[in-house]
Every structure is written in C-alpha cells, then in structure tokens.
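S.K.: Following this message is one structure expressed as structure tokens.
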Amino acid sequence: MKFILASTSKNRQDLLKKMGIEFEAISPDYEEIIDVNQSPDLQIQEFALGKAKSVYEVKVRECESKNDRKGDTKTSQPLDLSISQSHSDFLILGCDSMISFEGQSIGKPKDRNEAFAQLSRFRGKPQQIMSGCALVGVICGKYMEKIFYESTSVQFRSDITDQQIEQYLEFGDWEGKCGAYSILGTGIYFLEHIDGDFQNIVGIPILKLGEEIRALTGKSPLEIFKPATQ
C-alpha cells in the first residue's frame with residue numbers, strides 16, 4: 001500500500017525516514033482558518049483532515065487523468081471522494097500541531113520579539129503540545145477516513161533568564177515553530193521534563209498512529225508500511 005505524507009515539514013519527513021518507511025511527501029493545498037470558538041483538539045483535527053483530503057483529491061485526479069489517457073472518457077463532474085473503487089490502495093496522513101498554554105492556543109511567532117515574549121511566558125509553567133492527525137485513503141477499494149489527536153505535556157524550567165532566551169534566539173531554530181522553540185534543537189534545554197510521547201512533539205504521534213492504523217485497516221502498521229529503498 002502506498003503511504004503519503006500530506007506535509008512538507010522536515011521534522012515529520014525525517015521521523016519517517018529514520019523509521020525506514022517508504023513514503024511520498026505532498027504539500028497540501030489547504031488554508032487554515034482558526035475558529036476562536038473551537039477547542040484546540042478539534043481545531044487541529046479539522047486542519048489535519050483538510051490537509052489530508054486536499055492531497056487525496058490530487059491523487060484521485062491523477063488516477064482519473066490516467067484513465068482518460070487510456071480512453072476512459074468521463075464527464076466533468078465535481079469530485080466525489082467516496083467513489084474510489086477504481087483506484088489502487090493508498091493511505092494519506094495529514095497532521096497539524098498546536099500548543100495549548102493557559103487556555104490559549106499558541107502559534108508560530110511573527111518575529112523575534114514575539115518569540116522572546118512567548119518563551120518568557122512559558123517560564124516555570126506546563127504546556128500541552130497537541131498533534132491532530134487524519135488518515136484518509138482507499139482500502140480494499142473503499143474510501144475511508146479517521147481523525148485523532150495526541151497530547152504531550154512539557155514543563156518549562158523556572159530559572160530561565162532573559163539572557164538565555166536571547167542566546168537561544170541567536171540559533172534561529174525558533175523561526176516557523178509553534179511556541180518559538182524546537183524540541184530537536186537547543187530549545188530542549190528550556191524543558192524540565194516531558195510527560196508523554198516525545199515523537200508527538202516532533203510532529204507525528206507514532207504510537208497512536210499505529211493504533212489508529214490497526215483500527216482503520218484491521219492490519220498491523222508493519223503490513224501497511226513498506227521499507228524505504230536504499
């Protein structure tokens with residue numbers, strides 16, 4: 001079965017590569033519009049599903065285009081995501097991450113000043129790092145989808161100084177990161193302890209993903225994933 005990651009995140013791609021999984025990465029064509037009245041866990045699952053479905057549509061259009069070139073004419077109709085019997089089995093993973101802190105959703109800082117402000121607020125306090133995921137695809141000729149999320153708690157050190165924050169910002173890996181820090185960079189030294197799935201912080205809750213693949217397909221992830229070719 002072909003496995004597709006609906007993301008251009010380097011961290012997510014590196015995680016799958018280190019596991020030796022063969023996958024195709026496709027950038028999703030999906031605009032995230034935050035609903036302030038929606039809880040963070042529901043929001044990230046909605047975003048993950050939107051990303052996965054946008055890539056699903058690309059793959060189905062590709063299949064239809066190939067059929068057209070073979071002489072199977074089709075009328076120009078809106079794409080029905082549920083009609084998938086003619087397509088080979090594939091599974092798409094869409095992901096979205098968010099930090100929940102003191103009842104607020106924390107996103108990516110706009111600039112260095114906002115990054116400093118975010119990190120300053122975290123001192124001595126816990127936060128929840130949440131990943132929303134969606135599995136969308138064709139399994140045994142049928143369209144299927146499943147959404148889920150995972151949460152990991154991290155506790156920031158209370159003795160972080162302004163100078164240390166400024167020194168961290170010099171490394172530059174705060175850019176494009178929710179909460180203005182990277183767990184895979186020097187930002188990990190801000191943390192006192194982690195409670196939960198470390199890989200979830202990286203971007204994909206791998207253990208939870210395996211459980212949901214079993215629930216969706218009735219198969220072990222080892223039966224779904226293929227080893228990456230060297």
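By order in the structure tokens, chains are A, B, ...; within a chain, residues start at 1; ligands start at 1, following the order shown.
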Find the residues near Glu46 (chain A): any atom within 8 Å, counting only C-alpha atoms, skip ones fewer than 4 places away on the same chain, and give them as a list of chain:residue names.
M.R.: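 Listed by chain and then number, they are A:Leu42, A:Gly50, A:Gly132.
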S.K.: Please provide the set of residues having any atom within 9 Å of Ala115 (chain A), restricted to only C-alpha atoms, with same-chain residues fewer than 3 positions apart removed, written as a PDB file with C-alpha atoms, in the first residue's frame.
M.R.:
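Wrote around.pdb, looks like this:
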ATOM      1  CA  LYS A 108       4.204  30.486  15.449  1.00  0.00           C
ATOM      2  CA  PRO A 109       5.784  33.833  16.370  1.00  0.00           C
ATOM      3  CA  LYS A 110       5.664  36.542  13.732  1.00  0.00           C
ATOM      4  CA  ASP A 111       9.104  37.866  14.597  1.00  0.00           C
ATOM      5  CA  ARG A 112      11.941  37.670  17.115  1.00  0.00           C
ATOM      6  CA  GLN A 118       6.289  33.587  24.097  1.00  0.00           C
ATOM      7  CA  LEU A 119       9.310  31.934  25.702  1.00  0.00           C
ATOM      8  CA  SER A 120       9.239  34.395  28.592  1.00  0.00           C
ATOM      9  CA  LEU A 169      17.166  33.057  19.655  1.00  0.00           C
ATOM     10  CA  TRP A 174      12.637  29.376  16.746  1.00  0.00           C
ATOM     11  CA  GLU A 175      11.523  30.528  13.299  1.00  0.00           C
ATOM     12  CA  GLY A 179       5.833  28.348  20.769  1.00  0.00           C
ATOM     13  CA  ALA A 180       9.107  29.669  19.304  1.00  0.00           C
ATOM     14  CA  TYR A 181      11.248  26.647  20.124  1.00  0.00           C
TER      15      TYR A 181
END
S.K.: Hey, can you check how far CA of Ser9 (chain A) sits from CA of Val154 (chain A)?
M.R.: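 CA of Val154 (chain A) lies at a distance of 21.5 Å from CA of Ser9 (chain A).
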S.K.: Just asking: which residues within region 52-222 of chain A are strand (DSSP E or B) according to DSSP, as a ChimeraX atom specification?
M.R.: /A:90-101,104-106,126-139,142-156,191-195
S.K.: As a VMD selection string, please: the residues near Leu135 (chain A) (cut-off 6 Å, only C-alpha atoms, same-chain neighbours under 4 positions excluded).
M.R.: chain A and resid 92 to 93 145 to 146
S.K.: Write out, as a PDB file, in the first residue's frame, the residues just selected, with C-alpha atoms.
M.R.:
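Once everything was written out, this is part.pdb:
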ATOM      1  CA  ILE A  92      -2.568   9.577   3.382  1.00  0.00           C
ATOM      2  CA  LEU A  93      -1.524  11.063   6.710  1.00  0.00           C
ATOM      3  CA  GLU A 145     -11.038   8.282   6.914  1.00  0.00           C
ATOM      4  CA  LYS A 146     -10.211   8.572  10.588  1.00  0.00           C
TER       5      LYS A 146
END
S.K.: For region 123-129 of chain A, list every protein, DNA or RNA residue within 12 Å, evaluated using only C-alpha atoms, and leave out those in the same chain fewer than 5 positions away; present the list as a ChimeraX atom specification.
M.R.: /A:40-41,44,96-107,116-118,149-162,164-165,177-179,181-183,190-205
S.K.: Using only C-alpha atoms for the distances, tell me which of A:Leu16, A:Gly176, A:Ala48, A:Phe3 is nearest to Glu114 (chain A).
M.R.: A:Gly176
S.K.: Quick one: distance from CA of Lys2 (chain A) to CA of Lys208 (chain A) in Å, one decimal?
M.R.: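 Going from CA of Lys2 (chain A) over to CA of Lys208 (chain A), I get 19.7 Å.
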S.K.: For CA of Tyr168 (chain A) and CA of Leu15 (chain A), determine how far apart the two atoms are, in Å to one decimal place.
M.R.: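 One can read the CA of Tyr168 (chain A) to CA of Leu15 (chain A) distance as 23.7 Å.
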